[in-house]
Structures are given as structure tokens and as C-alpha cells.
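Asks: One file: input21.csv (CSV, C-alpha atoms).
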chain,number,residue,atom,x,y,z
A,3,MET,CA,17.4,-30.8,-4.9
A,4,LYS,CA,14.2,-32.8,-4.3
A,5,PHE,CA,11.2,-32.1,-2.1
A,6,VAL,CA,7.4,-32.7,-1.9
A,7,MET,CA,5.2,-29.8,-0.8
A,8,ASN,CA,1.6,-29.1,-0.1
A,9,ARG,CA,0.2,-27.5,-3.3
A,10,ASP,CA,-2.0,-24.8,-1.7
A,11,GLN,CA,1.0,-23.6,0.4
A,12,LEU,CA,3.1,-23.5,-2.7
A,13,VAL,CA,0.5,-21.5,-4.7
A,14,THR,CA,0.2,-18.9,-1.9
A,15,SER,CA,3.9,-18.6,-1.5
A,16,VAL,CA,4.5,-18.2,-5.3
A,17,GLN,CA,1.7,-15.6,-5.5
A,18,ASP,CA,3.3,-13.6,-2.7
A,19,VAL,CA,6.8,-13.5,-4.2
A,20,MET,CA,5.4,-12.9,-7.7
A,21,LYS,CA,4.5,-9.4,-6.5
A,22,ALA,CA,8.2,-8.5,-6.7
A,23,VAL,CA,8.9,-10.1,-10.0
A,24,SER,CA,9.0,-7.8,-13.0
A,25,THR,CA,9.0,-8.7,-16.7
A,26,ARG,CA,10.7,-5.4,-17.5
A,27,THR,CA,14.0,-6.0,-15.9
A,28,THR,CA,17.5,-5.5,-17.4
A,29,ILE,CA,18.8,-8.5,-15.3
A,30,PRO,CA,17.4,-11.6,-17.0
A,31,ILE,CA,17.6,-13.9,-13.9
A,32,LEU,CA,15.2,-11.5,-12.0
A,33,THR,CA,12.4,-12.8,-14.2
A,34,GLY,CA,12.7,-16.0,-12.2
A,35,ILE,CA,11.8,-17.2,-8.7
A,36,LYS,CA,14.6,-18.6,-6.6
A,37,ILE,CA,13.6,-21.7,-4.7
A,38,GLU,CA,15.9,-23.0,-1.9
A,39,ALA,CA,15.2,-26.3,0.0
A,40,HIS,CA,17.0,-26.7,3.3
A,41,GLU,CA,16.5,-29.2,6.1
A,42,ASP,CA,13.9,-27.1,8.0
A,43,GLY,CA,11.8,-25.9,5.0
A,44,VAL,CA,11.7,-24.1,1.7
A,45,THR,CA,12.4,-20.4,0.9
A,46,LEU,CA,11.1,-18.7,-2.2
A,47,THR,CA,12.4,-15.3,-3.4
A,48,GLY,CA,11.3,-12.8,-6.0
A,49,SER,CA,12.9,-9.5,-6.8
A,50,ASP,CA,12.9,-6.6,-9.3
A,51,SER,CA,15.8,-4.7,-7.5
A,52,ASP,CA,13.3,-2.2,-6.1
A,53,ILE,CA,11.3,-4.7,-4.1
A,54,SER,CA,12.5,-8.1,-2.9
A,55,ILE,CA,10.1,-10.6,-1.2
A,56,GLU,CA,11.3,-13.8,0.6
A,57,ARG,CA,8.6,-16.3,1.7
A,58,TYR,CA,9.6,-19.1,4.0
A,59,VAL,CA,7.6,-22.3,4.3
A,60,PRO,CA,8.5,-24.4,7.3
A,61,ALA,CA,8.7,-28.2,6.9
A,62,VAL,CA,6.5,-28.6,9.9
A,63,GLU,CA,4.3,-26.1,11.7
A,64,GLU,CA,1.8,-26.8,14.5
A,65,ASP,CA,2.1,-30.5,13.9
A,66,TYR,CA,1.2,-30.2,10.2
A,67,GLN,CA,3.8,-31.2,7.6
A,68,TYR,CA,3.9,-28.8,4.7
A,69,VAL,CA,7.2,-30.0,3.1
A,70,GLU,CA,9.2,-33.2,2.9
A,71,ILE,CA,12.8,-32.5,2.1
A,72,GLU,CA,14.6,-35.4,0.4
A,73,LYS,CA,17.6,-33.5,-0.8
A,74,PRO,CA,18.5,-29.9,-0.1
A,75,GLY,CA,19.5,-27.5,-2.9
A,76,SER,CA,18.4,-24.5,-4.9
A,77,ILE,CA,17.1,-23.5,-8.4
A,78,VAL,CA,15.8,-20.4,-10.2
A,79,LEU,CA,12.7,-21.1,-12.4
A,80,GLN,CA,11.0,-18.8,-14.9
A,81,ALA,CA,8.3,-17.0,-12.7
A,82,ARG,CA,5.7,-16.6,-15.4
A,83,PHE,CA,5.5,-20.3,-16.3
A,84,PHE,CA,6.1,-21.7,-12.9
A,85,SER,CA,3.3,-19.6,-11.3
A,86,GLU,CA,0.8,-20.7,-14.0
A,87,ILE,CA,1.9,-24.3,-13.7
A,88,VAL,CA,1.5,-24.6,-9.9
A,89,LYS,CA,-2.0,-23.0,-10.0
A,90,LYS,CA,-3.2,-25.7,-12.4
A,91,LEU,CA,-1.6,-28.8,-10.9
A,92,PRO,CA,-4.2,-31.6,-10.2
A,93,ASP,CA,-3.1,-33.1,-6.9
A,94,SER,CA,-2.7,-31.7,-3.4
A,95,LYS,CA,1.0,-32.6,-3.3
A,96,VAL,CA,3.7,-31.3,-5.7
A,97,GLU,CA,7.1,-32.9,-6.1
A,98,ILE,CA,10.0,-30.8,-7.4
A,99,GLU,CA,13.3,-32.3,-8.4
A,100,VAL,CA,16.4,-30.8,-10.0
A,101,TYR,CA,18.8,-32.8,-12.2
A,102,ASP,CA,22.0,-32.0,-14.0
A,103,ARG,CA,22.3,-28.6,-15.7
A,104,PHE,CA,19.4,-27.2,-13.8
A,105,ALA,CA,16.8,-29.3,-15.5
A,106,THR,CA,13.8,-29.4,-13.2
A,107,ARG,CA,10.9,-31.8,-13.0
A,108,ILE,CA,7.5,-30.8,-11.4
A,109,ARG,CA,5.1,-33.7,-10.7
A,110,SER,CA,1.6,-33.7,-9.3
A,111,GLY,CA,-0.8,-36.6,-9.6
A,112,SER,CA,-0.6,-37.8,-13.2
A,113,SER,CA,0.8,-34.5,-14.5
A,114,GLU,CA,4.5,-33.9,-15.2
A,115,PHE,CA,6.3,-30.7,-16.3
A,116,ASN,CA,10.0,-30.4,-17.2
A,117,LEU,CA,11.4,-26.8,-17.0
A,118,ASN,CA,14.8,-25.5,-17.8
A,119,GLY,CA,16.1,-23.8,-14.6
A,120,LEU,CA,18.7,-21.1,-14.2
A,121,ASP,CA,21.9,-21.1,-12.0
A,122,PRO,CA,20.9,-20.0,-8.5
A,123,GLN,CA,24.4,-18.7,-7.9
A,124,GLU,CA,23.7,-15.9,-10.3
A,125,TYR,CA,20.7,-14.7,-8.4
A,126,PRO,CA,21.5,-11.4,-6.5
A,127,ARG,CA,21.8,-11.8,-2.7
A,128,LEU,CA,19.2,-10.0,-0.5
A,129,PRO,CA,20.7,-7.0,1.3
A,130,GLU,CA,22.2,-7.5,4.8
A,131,VAL,CA,20.3,-5.2,7.1
A,132,GLN,CA,21.6,-3.8,10.4
A,133,GLU,CA,18.7,-3.7,12.8
A,134,ASN,CA,19.6,-0.5,14.7
A,135,ASN,CA,16.5,1.5,13.7
A,136,ARG,CA,13.8,-1.0,14.4
A,137,PHE,CA,10.1,-0.6,15.5
A,138,SER,CA,7.1,-2.9,15.5
A,139,MET,CA,3.4,-2.5,14.9
A,140,GLN,CA,0.4,-4.8,14.4
A,141,ALA,CA,-0.2,-6.0,10.8
A,142,ASP,CA,-3.8,-4.8,10.6
A,143,LEU,CA,-2.8,-1.4,11.8
A,144,LEU,CA,0.0,-1.2,9.3
A,145,LYS,CA,-2.4,-2.1,6.5
A,146,THR,CA,-4.8,0.6,7.7
A,147,LEU,CA,-2.0,3.2,7.7
A,148,ILE,CA,-1.1,2.3,4.1
A,149,ARG,CA,-4.8,2.4,3.0
A,150,GLN,CA,-5.4,5.8,4.5
A,151,THR,CA,-2.3,7.4,2.9
A,152,VAL,CA,-1.0,5.6,-0.2
A,153,PHE,CA,-3.9,6.8,-2.5
A,154,ALA,CA,-2.6,10.4,-2.2
A,155,VAL,CA,0.9,9.7,-3.6
A,156,SER,CA,1.8,11.3,-6.9
A,157,THR,CA,1.5,9.2,-10.1
A,158,SER,CA,3.7,11.6,-12.0
A,159,GLU,CA,7.5,11.1,-12.2
A,160,THR,CA,8.2,14.8,-12.5
A,161,ARG,CA,8.9,14.9,-8.8
A,162,PRO,CA,9.8,11.3,-7.9
A,163,ILE,CA,10.0,12.0,-4.2
A,164,LEU,CA,6.2,12.6,-4.2
A,165,THR,CA,5.5,9.0,-5.5
A,166,GLY,CA,6.3,7.7,-2.0
A,167,VAL,CA,4.9,7.9,1.5
A,168,ASN,CA,7.1,9.8,4.0
A,169,LEU,CA,7.6,8.3,7.4
A,170,ASP,CA,9.0,9.9,10.6
A,171,ILE,CA,9.1,8.7,14.2
A,172,GLU,CA,9.4,10.8,17.3
A,173,ASN,CA,8.5,9.9,20.9
A,174,GLY,CA,7.2,6.5,19.9
A,175,GLU,CA,4.7,7.9,17.4
A,176,LEU,CA,4.9,7.1,13.7
A,177,ASN,CA,3.6,9.7,11.3
A,178,CYS,CA,2.9,8.9,7.6
A,179,VAL,CA,2.3,11.6,5.0
A,180,ALA,CA,1.5,11.3,1.3
A,181,THR,CA,0.8,14.2,-1.1
A,182,ASP,CA,0.7,14.8,-4.9
A,183,SER,CA,0.7,18.6,-4.3
A,184,HIS,CA,-3.1,18.8,-4.9
A,185,ARG,CA,-4.1,16.8,-1.8
A,186,LEU,CA,-2.5,15.4,1.3
A,187,ALA,CA,-3.2,12.4,3.5
A,188,SER,CA,-1.6,12.0,6.9
A,189,ARG,CA,-2.0,9.4,9.6
A,190,SER,CA,-0.2,8.9,12.9
A,191,ALA,CA,-0.1,5.9,15.3
A,192,ALA,CA,1.8,4.8,18.4
A,193,VAL,CA,4.4,2.1,17.7
A,194,GLU,CA,6.7,-0.2,19.8
A,195,THR,CA,10.3,0.9,19.4
A,196,THR,CA,13.5,-0.8,20.4
A,197,SER,CA,14.7,2.2,22.3
A,198,GLU,CA,12.9,5.3,23.6
A,199,GLU,CA,15.4,7.6,21.7
A,200,LEU,CA,14.5,6.1,18.3
A,201,SER,CA,13.7,8.9,15.9
A,202,PHE,CA,14.1,9.4,12.2
A,203,SER,CA,12.6,11.5,9.4
A,204,ASN,CA,12.6,11.7,5.6
A,205,VAL,CA,12.2,7.9,5.1
A,206,VAL,CA,10.2,7.8,1.8
A,207,ILE,CA,8.9,4.4,0.7
A,208,PRO,CA,7.6,4.1,-2.8
A,209,GLY,CA,3.8,4.0,-2.9
A,210,LYS,CA,4.0,0.9,-5.2
A,211,SER,CA,6.0,-1.0,-2.6
A,212,LEU,CA,3.5,-0.2,0.2
A,213,SER,CA,0.5,-1.3,-2.0
A,214,GLU,CA,2.2,-4.7,-2.7
A,215,LEU,CA,3.1,-5.1,1.0
A,216,SER,CA,-0.5,-4.5,2.0
A,217,LYS,CA,-1.7,-7.3,-0.3
A,218,ILE,CA,0.7,-9.8,1.4
A,219,LEU,CA,0.1,-8.9,5.0
A,220,ASP,CA,-2.6,-10.8,7.0
A,221,ASP,CA,-5.4,-8.9,8.7
A,222,SER,CA,-4.1,-10.0,12.1
A,223,SER,CA,-2.8,-8.5,15.3
A,224,ASP,CA,0.6,-10.2,14.7
A,225,LEU,CA,3.5,-7.8,15.0
A,226,VAL,CA,5.4,-6.7,12.0
A,227,ASP,CA,9.0,-5.6,12.6
A,228,ILE,CA,10.1,-2.6,10.5
A,229,VAL,CA,13.8,-2.0,10.0
A,230,VAL,CA,15.0,1.3,8.4
A,231,THR,CA,18.5,1.7,6.9
A,232,GLU,CA,20.1,4.4,4.7
A,233,SER,CA,18.7,3.1,1.5
A,234,GLN,CA,16.4,0.2,2.4
A,235,VAL,CA,13.4,-0.6,4.5
A,236,LEU,CA,12.7,-4.2,5.7
A,237,PHE,CA,9.3,-5.5,6.9
A,238,LYS,CA,9.5,-8.7,8.8
A,239,ALA,CA,6.2,-10.6,9.3
A,240,LYS,CA,5.6,-14.2,10.0
A,241,ASN,CA,7.5,-16.3,7.4
A,242,ILE,CA,7.9,-13.2,5.2
A,243,LEU,CA,10.7,-10.7,4.5
A,244,PHE,CA,9.8,-7.7,2.4
A,245,PHE,CA,12.6,-5.4,1.3
A,246,SER,CA,12.0,-2.1,-0.5
A,247,ARG,CA,14.4,0.6,-1.6
A,248,LEU,CA,13.8,4.1,-0.3
A,249,LEU,CA,13.4,7.1,-2.6
A,250,ASP,CA,16.3,9.6,-2.7
A,251,GLY,CA,15.8,13.3,-2.0
A,252,ASN,CA,14.2,15.5,0.7
A,253,TYR,CA,10.4,15.2,1.2
A,254,PRO,CA,8.8,18.7,1.3
A,255,ASP,CA,7.8,20.1,4.8
A,256,THR,CA,4.1,19.5,4.6
A,257,SER,CA,3.3,20.8,8.2
A,258,LYS,CA,3.2,24.4,6.8
A,259,LEU,CA,0.4,23.4,4.4
A,260,ILE,CA,-2.2,22.7,7.1
A,261,PRO,CA,-4.0,26.0,8.0
A,262,ASN,CA,-4.2,27.0,11.7
A,263,GLU,CA,-7.4,29.1,11.5
A,264,TYR,CA,-10.7,28.4,9.8
A,265,LYS,CA,-13.7,30.5,8.7
A,266,THR,CA,-16.3,27.9,8.0
A,267,GLU,CA,-16.7,24.5,9.8
A,268,MET,CA,-19.2,21.7,9.3
A,269,VAL,CA,-19.9,18.2,10.7
A,270,ILE,CA,-21.6,15.8,8.3
A,271,ALA,CA,-22.5,12.1,8.1
A,272,THR,CA,-19.6,10.6,6.1
A,273,LYS,CA,-21.7,8.0,4.1
A,274,GLU,CA,-24.4,10.5,3.1
A,275,PHE,CA,-21.9,13.1,2.0
A,276,LEU,CA,-19.9,10.5,0.0
A,277,GLN,CA,-23.0,9.3,-1.8
A,278,ALA,CA,-24.1,12.8,-2.6
A,279,ILE,CA,-20.6,13.7,-4.1
A,280,ASP,CA,-20.7,10.4,-6.0
A,281,ARG,CA,-24.1,11.3,-7.6
A,282,ALA,CA,-23.0,14.8,-8.4
A,283,SER,CA,-19.8,13.5,-10.1
A,284,LEU,CA,-21.9,11.5,-12.6
A,285,LEU,CA,-22.4,14.7,-14.6
A,286,ALA,CA,-19.1,16.3,-13.7
A,287,ARG,CA,-17.3,17.1,-16.9
A,288,GLU,CA,-14.3,14.8,-17.6
A,289,GLY,CA,-12.1,17.6,-19.0
A,290,ARG,CA,-12.6,19.7,-15.9
A,291,ASN,CA,-11.0,17.1,-13.6
A,292,ASN,CA,-14.4,15.8,-12.3
A,293,VAL,CA,-15.2,19.1,-10.5
A,294,VAL,CA,-18.2,19.5,-8.2
A,295,LYS,CA,-19.4,22.7,-6.5
A,296,PHE,CA,-20.3,23.1,-2.8
A,297,ALA,CA,-22.2,25.9,-1.2
A,298,THR,CA,-23.4,26.6,2.3
A,299,MET,CA,-27.1,27.3,2.8
A,300,GLU,CA,-29.4,28.3,5.6
A,301,ASN,CA,-30.8,25.9,8.3
A,302,ASN,CA,-27.5,23.8,8.4
A,303,GLN,CA,-28.0,22.7,4.7
A,304,ILE,CA,-25.4,22.5,2.0
A,305,GLU,CA,-25.8,22.4,-1.8
A,306,ILE,CA,-23.8,20.1,-4.0
A,307,SER,CA,-24.0,20.6,-7.7
A,308,SER,CA,-22.2,20.0,-11.0
A,309,ASN,CA,-22.8,21.3,-14.5
A,310,SER,CA,-21.7,19.9,-17.8
A,311,PRO,CA,-23.1,22.2,-20.7
A,312,GLU,CA,-23.2,19.2,-23.1
A,313,ILE,CA,-24.8,16.8,-20.7
A,314,GLY,CA,-26.9,18.6,-18.0
A,315,LYS,CA,-26.9,19.7,-14.4
A,316,VAL,CA,-27.4,18.1,-11.0
A,317,PHE,CA,-28.3,19.8,-7.7
A,318,GLU,CA,-28.7,18.2,-4.3
A,319,HIS,CA,-29.3,19.6,-0.8
A,320,VAL,CA,-27.8,17.7,2.1
A,321,ALA,CA,-28.4,18.3,5.8
A,322,THR,CA,-25.3,18.7,8.1
A,323,GLU,CA,-25.0,17.8,11.8
A,324,SER,CA,-23.7,21.4,12.4
A,325,LEU,CA,-22.6,24.3,10.2
A,326,THR,CA,-20.9,27.4,11.6
A,327,GLY,CA,-18.9,30.4,10.3
A,328,GLU,CA,-19.0,32.4,7.1
A,329,GLU,CA,-21.0,31.6,3.9
A,330,LEU,CA,-18.9,29.7,1.4
A,331,LYS,CA,-18.9,28.6,-2.2
A,332,ILE,CA,-16.1,26.3,-3.2
A,333,SER,CA,-15.3,23.8,-6.0
A,334,PHE,CA,-13.2,20.7,-5.7
A,335,SER,CA,-12.3,17.4,-7.4
A,336,ALA,CA,-15.1,14.9,-6.7
A,337,LYS,CA,-12.5,12.0,-6.9
A,338,TYR,CA,-10.2,13.6,-4.3
A,339,MET,CA,-13.1,14.2,-1.9
A,340,MET,CA,-14.4,10.6,-2.4
A,341,ASP,CA,-10.9,9.1,-1.8
A,342,ALA,CA,-10.5,11.2,1.4
A,343,LEU,CA,-14.0,10.2,2.7
A,344,LYS,CA,-13.4,6.5,2.0
A,345,ALA,CA,-10.2,6.6,4.0
A,346,MET,CA,-11.7,8.3,7.1
A,347,ASP,CA,-13.2,5.2,8.8
A,348,CYS,CA,-15.7,7.3,10.9
A,349,THR,CA,-19.4,7.8,10.8
A,350,GLU,CA,-19.2,11.6,11.0
A,351,VAL,CA,-16.5,13.9,9.5
A,352,ARG,CA,-15.5,17.4,10.4
A,353,ILE,CA,-14.5,19.7,7.5
A,354,LYS,CA,-12.8,23.1,8.1
A,355,PHE,CA,-12.7,25.7,5.3
A,356,THR,CA,-10.5,28.8,5.2
A,357,GLY,CA,-12.0,30.3,2.0
A,358,ALA,CA,-12.9,29.5,-1.6
A,359,MET,CA,-9.3,29.2,-2.8
A,360,ARG,CA,-7.5,27.9,0.3
A,361,PRO,CA,-6.9,24.2,1.2
A,362,PHE,CA,-9.5,22.6,3.5
A,363,VAL,CA,-9.0,19.9,6.0
A,364,LEU,CA,-11.1,16.8,6.9
A,365,THR,CA,-10.7,15.1,10.3
A,366,PRO,CA,-12.7,12.5,12.2
A,367,ILE,CA,-15.1,13.8,14.8
A,368,GLU,CA,-12.9,12.4,17.6
A,369,GLY,CA,-9.1,12.3,17.6
A,370,GLN,CA,-6.5,13.8,15.2
A,371,THR,CA,-4.7,10.6,14.1
A,372,ILE,CA,-5.9,11.1,10.5
A,373,LYS,CA,-6.0,14.3,8.4
A,374,GLN,CA,-6.9,14.8,4.8
A,375,LEU,CA,-6.2,18.1,3.0
A,376,ILE,CA,-7.6,19.0,-0.4
A,377,LEU,CA,-6.9,22.0,-2.6
A,378,PRO,CA,-9.9,23.6,-4.2
A,379,VAL,CA,-10.3,24.2,-8.0
A,380,ARG,CA,-10.8,27.6,-9.5
A,381,THR,CA,-14.0,27.4,-11.6
A,382,TYR,CA,-14.6,31.1,-12.4
Let me see the structure of the file written as C-alpha cells.
Replies:
Amino acid sequence: MKFVMNRDQLVTSVQDVMKAVSTRTTIPILTGIKIEAHEDGVTLTGSDSDISIERYVPAVEEDYQYVEIEKPGSIVLQARFFSEIVKKLPDSKVEIEVYDRFATRIRSGSSEFNLNGLDPQEYPRLPEVQENNRFSMQADLLKTLIRQTVFAVSTSETRPILTGVNLDIENGELNCVATDSHRLASRSAAVETTSEELSFSNVVIPGKSLSELSKILDDSSDLVDIVVTESQVLFKAKNILFFSRLLDGNYPDTSKLIPNEYKTEMVIATKEFLQAIDRASLLAREGRNNVVKFATMENNQIEISSNSPEIGKVFEHVATESLTGEELKISFSAKYMMDALKAMDCTEVRIKFTGAMRPFVLTPIEGQTIKQLILPVRTY
């Protein structure tokens, strides 16, 4: 194998596939990146058996030559060393050549590295995916959906199913839900489906996979094809294939968690409320899970406070746009509230309360595509 490649393109491609490479794998060859040169370009692959990422670099694209292939072939190189080397190469072009016994030479400018490669035949094949359950959405919308839900997945392995985001599709609408049993984030969006009958539920993608996918996708309106199988999901973007395993088990029915009736309702400026919670959390006691207190006042005012006996107290009054219903005193995690407000993407937020110890719901002023639910904290 021998090819010459644009260095910046190589660095970007290696960084993308590195997101799937784990140092803690029981299969030694998976600590490497597989590089395949064929007549029309170069493909790089990284995998840790949970996530697999394949990045294709075409030889020529839009009249620009990224790769010159002199001799097709393939090799697996140690990911940690290879990624560090390509980042620091001096010239804009990189030549990679493989000799007998997988010895590999990497040359750029006056710099030359010789690495011992591994047998590419031993590298696991990527799964073959039947494209029956396929739908498409814009890359920037997919990134938004991930950002607005993935923060609410559980970080505890006691209920592994909650470490993922649950997807279901019905009538051309995708609904994503994440919960760690103390809070819930849901977001829905219309998608393009291959058939009008396409519907599925209980497709749970690990939160870690979605976070890595989000880093690779461009902020563009290019379509990403999403293919769902029994145990895998495949995201197909321009020159990228991203495979992730699905989590086993049944995701809990979260629709029952969202209250139907409310006793107190307020509309408030998102940014002002977020900043007030942030200030109050400065004195919130670490041991009490960063709890702040919230109370309704007269004249459409609310009071936000927190109290740490060893440190001190903070009180702040904030004006709301509107405040209706019963008087309320409630306590909640400042972190959960701040995470929810940051995900809202609207200037004003509507918050509906059902009582001091019942979950409350945040929605944008217009539309119901995003819902955030938070469980209060008992402080008395």
C-alpha cells in the first residue's frame, strides 16, 4: 500500500475515528485504526465494539485532489501513536507506505516515522445493515435533538437502560426521551421516512454514542440517514458511517410521568431566571445536591434563595411575565434547572407546577416540541 494525502484532511479524519477507539478493550487490534487505500480514496475505521466510525476521504472532490493512490492496500496502526504523529507532521502532504510484515513508513517534509503495523485481516468487519427501517433528518436538527436530551441520561449503571436516549417514530414524527429518574428531557421533530407506515419504539441509543456522534456531525442542513436494526443503529452522513449498539431492555413508559393538571403556572424570561438560579447556587450546599428554594410572591414576583449554615444565605427577587394559580414553595436541584433552561432555546419559558412534592414541567412559550420535567427535593 502506498498513498500521498493532504495532511489537514488526514488529521480531521483520524480525530473523527479516534472517538470510537478505546484503550480499555479486550481485543488488542481495536486499539488501532484501520486504513484502507482503494482506487477512489482512503477509508479510516475506528471501533471499540460499542461504537464504530468509518470515515471516507475521496481521492478527488469538487476538483480538489485530497489523495494520490499509488498502490491500494490496507494496514492497522496503533491509534494513540498514529494520531499524535499526524498532528505534528511538518508538511501539508503525508506519504504512507506499507512494506513486508506490516512495517509502515510515514513521511512528511523532512520528517520520517517507521511504525510496526498490525494485520488488517484480523480487524473485525463492520456490521452489514439491512436498510428497512430508515429515516432522514438534517444534521443540525439531529445535533439539536441530542443536545436537548442527552444531558438527562443516567450516569449510574444500576439501571443500564436509563444511560441511553429512547427513540420512537410514529406518523413521521420522531420523539426522543432521556431520564435519570430525577428529571426528564423530551424533544420531538418531524422526519423524512422511507415509507409512511414506518414506526418503531424502544430504540435506546447509549448517551455516550450520541455525544460522540454530535461532535462529528457538521452544523449543516445536509441530510443524515438513520437506519435502525434489532441491535444496531447506523447514522450515514457525508463521507461518514457511525454505528452504535443499542441498549437491551425495555425503556420505562415515561408518558405517565407528565402531569395533566397544574395548580401554579408562570412565564419568565429564560436568561434572567437562569442567571438568578446560577447566583443562588453559589451558596447551595454541596452535600444537599446543590438545592435552591423557590417561592411565589405578590405582584408577579418570585423569590429564589439558598442557605448553607456554614457559608451564608442568598435571596433574590425576580419579576415574571405572568404568574397564576396557588401560592407555592418548592425546592429543586439548581443544576437540573440550569441544564433544562440551557436546553430550551427560547427567550421565555413556561413552567407549570402541581405542588411542592410533584414533578414540574418546563416548555417553550410556543410549541410543545420540547418538554423538561424535574422532580423537586424535600428540604423539610
Asks: Identify which of the residues A:Lys21, A:Arg103, A:Lys331, A:Arg57 lies closest to Phe296 in chain A, counting all atoms listed in the file when measuring atom-to-atom distances.
Replies: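 Checking each candidate against Phe296 in chain A, we get A:Lys331 as the closest.
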Asks: Which of these residues is nearest to Thr106 in chain A, using all atoms listed in the file: A:Leu164, A:Met3, A:Met299, A:Ala187?
Replies: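 Among the listed residues, the smallest separation from Thr106 in chain A belongs to A:Met3.
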Asks: Given the choices A:Leu12, A:Val294, A:Ile148, A:Ile53, which gets closest to Arg247 in chain A if the distance is worked out from only C-alpha atoms?
Replies: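 Counting only C-alpha atoms, the residue closest to Arg247 in chain A is A:Ile53.
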Asks: Tell me, in Å to one decimal, how far CA of Tyr68 in chain A is from CA of Ile98 in chain A.
Replies: 13.7 Å
Asks: Grab the CA of Thr356 in chain A to CA of Ser335 in chain A distance for me, in Å with one decimal place.
Replies: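 Taking CA of Thr356 in chain A and CA of Ser335 in chain A, their separation equals 17.1 Å.
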Asks: Residues at most 10 Å from Thr266 in chain A, counting all atoms listed in the file, excluding those fewer than 6 positions away in the same chain, as a ChimeraX atom specification?
Replies: /A:298,325-330,353-357,362
Asks: With C-alpha atoms retained, write the just-selected residues as an mmCIF file, in the frame of the given file.
Replies:
data_model
loop_
_atom_site.group_PDB
_atom_site.id
_atom_site.type_symbol
_atom_site.label_atom_id
_atom_site.label_comp_id
_atom_site.auth_asym_id
_atom_site.auth_seq_id
_atom_site.Cartn_x
_atom_site.Cartn_y
_atom_site.Cartn_z
ATOM 1 C CA THR A 298 -23.400 26.600 2.300
ATOM 2 C CA LEU A 325 -22.600 24.300 10.200
ATOM 3 C CA THR A 326 -20.900 27.400 11.600
ATOM 4 C CA GLY A 327 -18.900 30.400 10.300
ATOM 5 C CA GLU A 328 -19.000 32.400 7.100
ATOM 6 C CA GLU A 329 -21.000 31.600 3.900
ATOM 7 C CA LEU A 330 -18.900 29.700 1.400
ATOM 8 C CA ILE A 353 -14.500 19.700 7.500
ATOM 9 C CA LYS A 354 -12.800 23.100 8.100
ATOM 10 C CA PHE A 355 -12.700 25.700 5.300
ATOM 11 C CA THR A 356 -10.500 28.800 5.200
ATOM 12 C CA GLY A 357 -12.000 30.300 2.000
ATOM 13 C CA PHE A 362 -9.500 22.600 3.500
#
Asks: Could you put an axis-aligned box around every listed atom of range 324-327 of chain A, padded by 5 Å on each side, and send me its centre and edge lengths in Å to one decimal, as lines of an AutoDock Vina configuration file?
Replies:
center_x = -21.3
center_y = 25.9
center_z = 11.3
size_x = 14.8
size_y = 19.0
size_z = 12.2
